[in-house]
>>> print(open('input_1.txt').read())   # compact mmCIF, C-alpha atoms and all ligand atoms
# COMPACT_ATOMS: atom_id res chain seq x y z
CA MET A 1 -114.43 30.23 -50.26
CA ALA A 2 -114.58 33.57 -48.46
CA GLU A 3 -111.50 35.60 -47.67
CA SER A 4 -112.72 36.00 -44.09
CA THR A 5 -112.17 32.28 -43.47
CA LEU A 6 -108.52 32.29 -44.57
CA ASN A 7 -106.16 31.20 -41.82
CA PRO A 8 -103.71 34.11 -41.33
CA GLU A 9 -101.04 31.69 -40.14
CA LYS A 10 -101.14 29.76 -43.38
CA LEU A 11 -100.81 32.68 -45.75
CA PRO A 12 -97.82 32.82 -48.10
CA ALA A 13 -95.25 35.52 -47.30
CA HIS A 14 -94.56 36.12 -51.00
CA VAL A 15 -97.00 35.64 -53.86
CA ALA A 16 -95.99 35.92 -57.51
CA ILE A 17 -98.50 36.22 -60.33
CA ILE A 18 -98.30 35.66 -64.08
CA MET A 19 -101.28 37.76 -65.15
CA ASP A 20 -102.13 35.90 -68.33
CA GLY A 21 -105.15 35.95 -70.60
CA ASN A 22 -105.90 39.63 -71.15
CA GLY A 23 -105.81 39.21 -74.93
CA ARG A 24 -108.17 36.21 -74.94
CA TRP A 25 -110.52 37.96 -72.53
CA ALA A 26 -110.77 40.92 -74.91
CA LYS A 27 -111.15 38.67 -77.98
CA LYS A 28 -114.08 36.87 -76.38
CA LYS A 29 -115.76 40.24 -76.07
CA GLY A 30 -114.86 41.24 -79.64
CA ARG A 31 -112.64 44.04 -78.37
CA PRO A 32 -108.96 44.95 -79.05
CA ARG A 33 -106.24 43.40 -76.90
CA SER A 34 -105.58 46.75 -75.24
CA PHE A 35 -109.10 46.59 -73.79
CA GLY A 36 -108.07 43.36 -72.04
CA HIS A 37 -104.93 44.95 -70.64
CA LYS A 38 -106.96 47.89 -69.32
CA ALA A 39 -109.28 45.47 -67.54
CA GLY A 40 -106.17 43.64 -66.34
CA VAL A 41 -104.97 46.75 -64.55
CA GLU A 42 -108.29 46.97 -62.68
CA ALA A 43 -107.96 43.33 -61.60
CA LEU A 44 -104.42 44.05 -60.45
CA ARG A 45 -105.53 47.03 -58.32
CA GLU A 46 -107.92 44.81 -56.39
CA ILE A 47 -105.36 42.04 -55.87
CA ILE A 48 -102.81 44.55 -54.57
CA LYS A 49 -105.46 45.93 -52.21
CA MET A 50 -106.35 42.48 -50.91
CA SER A 51 -102.69 41.47 -50.49
CA ASP A 52 -102.16 44.60 -48.42
CA GLU A 53 -105.26 43.99 -46.32
CA LEU A 54 -104.21 40.39 -45.63
CA GLY A 55 -100.73 41.46 -44.53
CA ILE A 56 -98.92 39.52 -47.27
CA LYS A 57 -95.30 40.67 -47.21
CA ALA A 58 -94.48 40.68 -50.91
CA LEU A 59 -96.43 40.53 -54.15
CA THR A 60 -94.63 40.20 -57.48
CA VAL A 61 -96.49 40.67 -60.75
CA TYR A 62 -95.28 40.07 -64.30
CA ALA A 63 -96.26 43.20 -66.20
CA PHE A 64 -93.88 43.11 -69.17
CA SER A 65 -91.19 40.60 -70.12
CA THR A 66 -88.03 41.14 -72.15
CA GLU A 67 -89.82 39.19 -74.91
CA ASN A 68 -92.99 41.34 -74.88
CA TRP A 69 -91.27 43.99 -77.04
CA LYS A 70 -91.90 41.57 -79.95
CA ARG A 71 -95.63 42.34 -79.82
CA SER A 72 -97.14 44.83 -82.26
CA ALA A 73 -96.17 48.48 -81.82
CA GLU A 74 -99.82 49.17 -81.09
CA GLU A 75 -99.98 46.69 -78.21
CA VAL A 76 -96.60 47.70 -76.76
CA GLY A 77 -97.73 51.33 -76.94
CA ALA A 78 -100.99 50.50 -75.15
CA LEU A 79 -99.14 48.63 -72.38
CA MET A 80 -96.62 51.44 -71.95
CA GLY A 81 -99.49 53.94 -71.82
CA LEU A 82 -101.24 51.92 -69.12
CA LEU A 83 -98.06 51.72 -67.12
CA LEU A 84 -97.66 55.47 -67.10
CA GLU A 85 -101.31 56.02 -66.29
CA TYR A 86 -101.10 53.47 -63.48
CA PHE A 87 -98.30 55.27 -61.67
CA ARG A 88 -99.85 58.70 -62.25
CA ARG A 89 -103.10 57.48 -60.75
CA GLU A 90 -101.93 55.12 -58.02
CA LEU A 91 -98.57 56.26 -56.69
CA GLU A 92 -99.93 58.66 -54.07
CA GLU A 93 -102.35 56.10 -52.64
CA LEU A 94 -99.83 53.24 -52.66
CA ASN A 95 -97.39 55.49 -50.84
CA ARG A 96 -100.06 56.44 -48.31
CA LYS A 97 -100.65 52.75 -47.70
CA ASN A 98 -96.94 52.32 -46.91
CA VAL A 99 -96.41 50.10 -49.99
CA ARG A 100 -92.80 49.81 -51.19
CA ILE A 101 -92.59 49.61 -54.97
CA CYS A 102 -89.67 47.73 -56.48
CA ILE A 103 -89.13 47.23 -60.17
CA LEU A 104 -87.65 43.91 -61.24
CA GLY A 105 -86.00 44.23 -64.60
CA ASP A 106 -83.77 46.43 -66.69
CA ILE A 107 -85.41 49.86 -66.52
CA ASP A 108 -82.53 51.69 -68.17
CA GLY A 109 -82.39 49.11 -70.95
CA MET A 110 -85.93 49.97 -72.08
CA PRO A 111 -85.98 51.18 -75.70
CA LYS A 112 -86.07 54.73 -77.00
CA GLY A 113 -89.45 56.36 -76.63
CA THR A 114 -90.01 55.10 -73.10
CA GLU A 115 -88.31 58.00 -71.29
CA LYS A 116 -91.53 58.96 -69.46
CA GLN A 117 -92.02 55.39 -68.28
CA LYS A 118 -88.43 55.14 -67.06
CA ALA A 119 -88.82 58.41 -65.13
CA ALA A 120 -92.12 57.24 -63.61
CA LEU A 121 -90.57 53.93 -62.53
CA HIS A 122 -87.56 55.63 -60.92
CA GLN A 123 -89.89 58.08 -59.21
CA ALA A 124 -92.08 55.29 -57.81
CA ILE A 125 -89.03 53.47 -56.43
CA GLU A 126 -87.57 56.60 -54.84
CA LYS A 127 -90.81 57.85 -53.37
CA THR A 128 -91.63 54.57 -51.64
CA GLN A 129 -88.17 53.21 -50.81
CA THR A 130 -88.43 53.71 -47.05
CA ASN A 131 -91.97 52.32 -46.78
CA THR A 132 -92.34 49.26 -44.59
CA GLY A 133 -95.66 47.74 -45.68
CA LEU A 134 -96.41 45.46 -48.64
CA ILE A 135 -93.49 45.06 -51.04
CA LEU A 136 -94.95 45.41 -54.52
CA ASN A 137 -92.52 44.07 -57.12
CA ILE A 138 -93.51 44.92 -60.66
CA ALA A 139 -91.53 42.99 -63.27
CA ILE A 140 -90.97 45.18 -66.32
CA ASN A 141 -88.49 44.47 -69.11
CA TYR A 142 -87.79 41.43 -66.97
CA GLY A 143 -86.38 38.00 -67.77
CA GLY A 144 -85.53 35.35 -65.19
CA GLN A 145 -82.51 34.06 -67.11
CA GLN A 146 -81.24 37.62 -67.62
CA GLU A 147 -81.56 38.21 -63.86
CA ILE A 148 -79.41 35.15 -63.12
CA VAL A 149 -76.81 36.18 -65.72
CA ARG A 150 -76.71 39.67 -64.18
CA ALA A 151 -76.07 38.16 -60.75
CA ALA A 152 -73.32 35.89 -62.14
CA GLN A 153 -71.66 38.84 -63.88
CA SER A 154 -71.68 40.88 -60.69
CA LEU A 155 -70.06 38.05 -58.70
CA ALA A 156 -67.56 37.40 -61.51
CA ARG A 157 -66.57 41.08 -61.40
CA LYS A 158 -66.02 40.85 -57.64
CA ALA A 159 -63.92 37.72 -58.12
CA ALA A 160 -61.87 39.39 -60.87
CA GLN A 161 -61.22 42.32 -58.55
CA GLY A 162 -60.05 39.89 -55.86
CA LEU A 163 -62.90 40.81 -53.51
CA ILE A 164 -64.16 37.22 -53.29
CA ARG A 165 -62.79 33.78 -54.19
CA PRO A 166 -64.82 31.68 -56.67
CA GLU A 167 -65.35 29.04 -53.95
CA GLU A 168 -67.09 31.70 -51.88
CA ILE A 169 -69.91 31.93 -54.40
CA THR A 170 -72.90 30.33 -52.71
CA THR A 171 -76.65 30.28 -53.09
CA GLU A 172 -76.71 33.07 -50.48
CA SER A 173 -74.29 35.29 -52.39
CA MET A 174 -76.28 34.70 -55.61
CA GLU A 175 -79.48 35.48 -53.72
CA ALA A 176 -78.01 38.80 -52.60
CA GLU A 177 -77.53 39.80 -56.26
CA MET A 178 -81.14 39.21 -57.28
CA TYR A 179 -83.62 42.06 -57.73
CA THR A 180 -85.52 40.55 -54.79
CA ALA A 181 -82.53 40.48 -52.40
CA GLY A 182 -83.66 40.60 -48.78
CA GLU A 183 -87.25 39.64 -49.58
CA PRO A 184 -88.91 36.36 -48.56
CA LYS A 185 -88.65 33.52 -51.09
CA VAL A 186 -91.66 33.09 -53.36
CA ASP A 187 -94.10 30.72 -51.61
CA LEU A 188 -96.91 30.72 -54.13
CA ILE A 189 -96.90 31.37 -57.87
CA ILE A 190 -100.24 31.88 -59.56
CA ARG A 191 -100.75 31.70 -63.30
CA THR A 192 -104.09 32.56 -64.84
CA SER A 193 -105.58 31.39 -68.14
CA GLY A 194 -104.57 27.75 -67.78
CA GLU A 195 -101.11 27.89 -69.37
CA LEU A 196 -98.59 25.49 -67.83
CA ARG A 197 -95.39 27.49 -68.27
CA LEU A 198 -93.02 29.61 -66.19
CA SER A 199 -92.30 31.95 -69.12
CA ASN A 200 -88.90 33.06 -67.80
CA PHE A 201 -90.44 34.42 -64.59
CA LEU A 202 -88.57 34.37 -61.26
CA LEU A 203 -86.55 31.26 -62.15
CA TRP A 204 -84.30 31.68 -59.12
CA GLN A 205 -86.94 32.74 -56.62
CA CYS A 206 -89.44 30.00 -57.44
CA ALA A 207 -87.13 27.06 -56.57
CA TYR A 208 -89.61 25.78 -53.97
CA ALA A 209 -92.70 27.79 -54.82
CA GLU A 210 -96.08 26.10 -54.87
CA PHE A 211 -97.83 26.38 -58.23
CA TYR A 212 -101.48 27.38 -58.58
CA ILE A 213 -102.96 27.41 -62.08
CA THR A 214 -106.46 28.53 -62.85
CA ASP A 215 -108.36 28.66 -66.15
CA THR A 216 -109.74 32.07 -65.16
CA LEU A 217 -108.47 34.80 -67.48
CA TRP A 218 -106.61 37.57 -65.65
CA PRO A 219 -109.28 40.34 -65.94
CA ASP A 220 -111.72 37.96 -64.23
CA PHE A 221 -109.33 37.07 -61.41
CA ASP A 222 -111.07 38.75 -58.47
CA ARG A 223 -110.93 38.63 -54.67
CA LYS A 224 -112.84 35.36 -54.59
CA GLN A 225 -110.44 33.75 -57.05
CA TYR A 226 -107.48 35.01 -55.04
CA ALA A 227 -108.98 33.60 -51.84
CA LEU A 228 -109.32 30.22 -53.60
CA ALA A 229 -105.64 30.29 -54.54
CA LEU A 230 -104.62 31.20 -51.00
CA GLU A 231 -106.86 28.47 -49.60
CA ALA A 232 -105.27 25.91 -51.93
CA TYR A 233 -101.84 27.07 -50.76
CA ALA A 234 -102.85 26.72 -47.10
CA GLY A 235 -103.68 23.07 -47.79
CA ARG A 236 -100.33 22.22 -49.40
CA ASN A 237 -97.80 20.03 -47.63
CA ARG A 238 -94.46 21.74 -48.29
CA ARG A 239 -91.43 19.51 -47.86
CA PHE A 240 -88.62 21.56 -49.46
CA GLY A 241 -86.94 18.39 -50.70
CA GLY A 242 -87.37 16.57 -47.40
CA VAL A 243 -89.92 13.86 -46.59
C1 LIG B 301 -100.61 38.55 -70.51
O1 LIG B 301 -101.80 38.45 -71.25
C2 LIG B 301 -100.48 39.87 -69.96
C3 LIG B 301 -99.48 40.75 -70.26
C4 LIG B 301 -98.38 40.46 -71.21
C5 LIG B 301 -99.46 42.07 -69.65
C6 LIG B 301 -99.88 42.14 -68.23
C7 LIG B 301 -100.12 43.56 -67.92
C8 LIG B 301 -101.14 44.08 -67.20
C9 LIG B 301 -102.15 43.28 -66.48
C10 LIG B 301 -101.31 45.53 -67.10
C11 LIG B 301 -100.08 46.39 -67.01
C12 LIG B 301 -99.50 46.44 -65.67
C13 LIG B 301 -99.34 47.52 -64.92
C14 LIG B 301 -98.54 47.44 -63.67
C15 LIG B 301 -99.92 48.81 -65.25
P1 LIG B 301 -101.71 38.21 -72.82
O2 LIG B 301 -101.73 39.53 -73.46
O3 LIG B 301 -100.53 37.36 -73.14
O4 LIG B 301 -103.05 37.46 -73.06
P2 LIG B 301 -103.30 36.25 -74.08
O5 LIG B 301 -102.37 35.13 -73.66
O6 LIG B 301 -104.74 35.92 -73.84
O7 LIG B 301 -103.02 36.76 -75.44
>>> encode(input="input_1.txt", output="structure tokens", more="lines below")
Ligand code: FPP
Amino acid sequence: MAESTLNPEKLPAHVAIIMDGNGRWAKKKGRPRSFGHKAGVEALREIIKMSDELGIKALTVYAFSTENWKRSAEEVGALMGLLLEYFRRELEELNRKNVRICILGDIDGMPKGTEKQKAALHQAIEKTQTNTGLILNIAINYGGQQEIVRAAQSLARKAAQGLIRPEEITTESMEAEMYTAGEPKVDLIIRTSGELRLSNFLLWQCAYAEFYITDTLWPDFDRKQYALALEAYAGRNRRFGGV
């Protein structure tokens, strides 16, 4: 499968990726887990580039979940270091390419010691907020259930203030409270490394998403692998609950 043969009319508007398998990739090579994450960042750079070239509207990647803080201090530190390095290295170029960076997740709820990361995330959002090209959503300190609770709390507050009536709460008003408000729904969700789980990722947004699972570990997920996923998506018959 070559990317040049992809039908532009059958591309997903919004792709979400669970970039799994960095640790196993590193272990297979006898290297520390952080080595896998570093390679994972390189894979991510290429997938962002290809998404931009193909004219995909939104790409969401799961970089760090609310549960990932449970990992060893060493691994959390390595991931936080990579995050900082990523924005230092890539922000200018992403901005030049008209990419709009959005962060899905609770930035301000990140623990003590991550002040530099918080500042870098806010800076990336501000610098690119008026860009009109690829929307790059990076999920950090993110949980899908937490996102839905946050939306419910916001609507409950509005109801308590008398701004809306409970009956006026609809899927559309919930949608408007999500981190991804205004973006296309997720069409395709890719998970690498063969795991068959959603892992608290985009629970709301993936209501009708097509699933693509590959055994490939994330650092090995390259342009060819991405083209295969997009090709598989192009062949799906989406019915959205209809027949
Ligand atoms: C899952 O693999 C991967 C993660 C928890 C982190 C994903 C992060 C990156 C690819 C890099 C950081 C991102 C940015 C934007 C700089 P795993 O560690 O669970 O692998 P395993 O299942 O094989 O142990």
>>> residues_around(input="input_1.txt", residues="Pro111 (chain A)", least_positions_apart="4", cutoff="10 Å", atoms="all atoms listed in the file", output="list of chain:residue names")
A:Trp69, A:Ile107, A:Glu115, A:Lys118, A:Asn141
>>> residues_near_ligand(input="input_1.txt", ligand="ligand LIG 301 (chain B)", cutoff="8 Å", atoms="all atoms listed in the file", output="count of residues only")
37
>>> atom_distance(input="input_1.txt", atom1="CA of Thr216 (chain A)", atom2="CA of Ile17 (chain A)")
12.9 Å
>>> residues_around(input="input_1.txt", residues="Asn95 (chain A)", least_positions_apart="6", cutoff="12 Å", atoms="all atoms listed in the file", output="list in words")
Phe87, Arg89, Ile101, Gln123, Ala124, Ile125, Glu126, Lys127, Thr128, Gln129, Thr130, Asn131, Thr132, Gly133, Leu134, Ile135 and Leu136 of chain A
>>> closest_residue(input="input_1.txt", among="A:Lys27, A:Lys57, A:Lys185, A:Arg45", to="Cys206 (chain A)", atoms="only C-alpha atoms")
A:Lys185
>>> atom_distance(input="input_1.txt", atom1="CA of Ile103 (chain A)", atom2="CA of Ile140 (chain A)")
6.7 Å
>>> residues_around(input="input_1.txt", residues="Glu3 (chain A)", least_positions_apart="3", cutoff="10 Å", atoms="all atoms listed in the file", output="number ranges by chain")
A: 6-7, 50, 54, 223-228, 230-231
>>> write_last_selection(input="input_1.txt", atoms="C-alpha atoms", output="compact mmCIF listing (two decimals), in the frame of the given file")
# COMPACT_ATOMS: atom_id res chain seq x y z
CA LEU A 6 -108.52 32.29 -44.57
CA ASN A 7 -106.16 31.20 -41.82
CA MET A 50 -106.35 42.48 -50.91
CA LEU A 54 -104.21 40.39 -45.63
CA ARG A 223 -110.93 38.63 -54.67
CA LYS A 224 -112.84 35.36 -54.59
CA GLN A 225 -110.44 33.75 -57.05
CA TYR A 226 -107.48 35.01 -55.04
CA ALA A 227 -108.98 33.60 -51.84
CA LEU A 228 -109.32 30.22 -53.60
CA LEU A 230 -104.62 31.20 -51.00
CA GLU A 231 -106.86 28.47 -49.60
>>> atom_distance(input="input_1.txt", atom1="CA of Phe240 (chain A)", atom2="CA of Tyr208 (chain A)")
6.3 Å
>>> residues_near_point(input="input_1.txt", point="(-96.8, 24.0, -53.4)", cutoff="12 Å", atoms="all atoms listed in the file", output="list in words")
Pro12, Val15, Val186, Asp187, Leu188, Ile189, Ile190, Cys206, Ala207, Tyr208, Ala209, Glu210, Phe211, Tyr212, Ile213, Ala229, Leu230, Glu231, Ala232, Tyr233, Ala234, Gly235, Arg236, Asn237, Arg238, Arg239, Phe240 and Gly241 of chain A
>>> closest_residue(input="input_1.txt", among="A:Thr192, A:Gln146, A:Asn200, A:Gln161", to="Met178 (chain A)", atoms="all atoms listed in the file")
A:Gln146
>>> decode(input="input_1.txt", residues="region 120-132 of chain A", atoms="N, CA, C and O atoms", output="PDB file, in the first residue's frame")
ATOM      1  N   ALA A 120       5.110  25.415  28.766  1.00  0.00           N
ATOM      2  CA  ALA A 120       5.340  25.069  27.348  1.00  0.00           C
ATOM      3  C   ALA A 120       4.014  24.729  26.661  1.00  0.00           C
ATOM      4  O   ALA A 120       3.792  25.091  25.501  1.00  0.00           O
ATOM      5  N   LEU A 121       3.138  24.037  27.375  1.00  0.00           N
ATOM      6  CA  LEU A 121       1.838  23.663  26.789  1.00  0.00           C
ATOM      7  C   LEU A 121       0.991  24.908  26.542  1.00  0.00           C
ATOM      8  O   LEU A 121       0.427  25.082  25.464  1.00  0.00           O
ATOM      9  N   HIS A 122       0.944  25.796  27.545  1.00  0.00           N
ATOM     10  CA  HIS A 122       0.169  27.043  27.367  1.00  0.00           C
ATOM     11  C   HIS A 122       0.743  27.873  26.214  1.00  0.00           C
ATOM     12  O   HIS A 122       0.004  28.443  25.419  1.00  0.00           O
ATOM     13  N   GLN A 123       2.063  27.888  26.137  1.00  0.00           N
ATOM     14  CA  GLN A 123       2.704  28.670  25.071  1.00  0.00           C
ATOM     15  C   GLN A 123       2.350  28.102  23.684  1.00  0.00           C
ATOM     16  O   GLN A 123       2.050  28.851  22.753  1.00  0.00           O
ATOM     17  N   ALA A 124       2.369  26.782  23.576  1.00  0.00           N
ATOM     18  CA  ALA A 124       2.062  26.136  22.284  1.00  0.00           C
ATOM     19  C   ALA A 124       0.615  26.439  21.871  1.00  0.00           C
ATOM     20  O   ALA A 124       0.341  26.746  20.708  1.00  0.00           O
ATOM     21  N   ILE A 125      -0.290  26.398  22.837  1.00  0.00           N
ATOM     22  CA  ILE A 125      -1.703  26.685  22.537  1.00  0.00           C
ATOM     23  C   ILE A 125      -1.836  28.128  22.055  1.00  0.00           C
ATOM     24  O   ILE A 125      -2.428  28.409  21.017  1.00  0.00           O
ATOM     25  N   GLU A 126      -1.241  29.051  22.828  1.00  0.00           N
ATOM     26  CA  GLU A 126      -1.396  30.478  22.505  1.00  0.00           C
ATOM     27  C   GLU A 126      -0.777  30.830  21.165  1.00  0.00           C
ATOM     28  O   GLU A 126      -1.369  31.527  20.358  1.00  0.00           O
ATOM     29  N   LYS A 127       0.419  30.311  20.947  1.00  0.00           N
ATOM     30  CA  LYS A 127       1.133  30.659  19.721  1.00  0.00           C
ATOM     31  C   LYS A 127       0.404  30.198  18.459  1.00  0.00           C
ATOM     32  O   LYS A 127       0.487  30.831  17.423  1.00  0.00           O
ATOM     33  N   THR A 128      -0.306  29.081  18.557  1.00  0.00           N
ATOM     34  CA  THR A 128      -0.888  28.495  17.340  1.00  0.00           C
ATOM     35  C   THR A 128      -2.413  28.643  17.279  1.00  0.00           C
ATOM     36  O   THR A 128      -3.046  28.104  16.372  1.00  0.00           O
ATOM     37  N   GLN A 129      -2.996  29.381  18.221  1.00  0.00           N
ATOM     38  CA  GLN A 129      -4.472  29.347  18.332  1.00  0.00           C
ATOM     39  C   GLN A 129      -5.231  29.893  17.132  1.00  0.00           C
ATOM     40  O   GLN A 129      -6.380  29.517  16.913  1.00  0.00           O
ATOM     41  N   THR A 130      -4.584  30.754  16.337  1.00  0.00           N
ATOM     42  CA  THR A 130      -5.318  31.281  15.178  1.00  0.00           C
ATOM     43  C   THR A 130      -4.954  30.535  13.891  1.00  0.00           C
ATOM     44  O   THR A 130      -5.411  30.898  12.811  1.00  0.00           O
ATOM     45  N   ASN A 131      -4.119  29.506  14.001  1.00  0.00           N
ATOM     46  CA  ASN A 131      -3.745  28.738  12.805  1.00  0.00           C
ATOM     47  C   ASN A 131      -4.950  27.973  12.267  1.00  0.00           C
ATOM     48  O   ASN A 131      -5.838  27.577  13.022  1.00  0.00           O
ATOM     49  N   THR A 132      -4.932  27.748  10.958  1.00  0.00           N
ATOM     50  CA  THR A 132      -6.127  27.160  10.321  1.00  0.00           C
ATOM     51  C   THR A 132      -5.840  25.818   9.641  1.00  0.00           C
ATOM     52  O   THR A 132      -6.693  25.284   8.945  1.00  0.00           O
TER      53      THR A 132
END
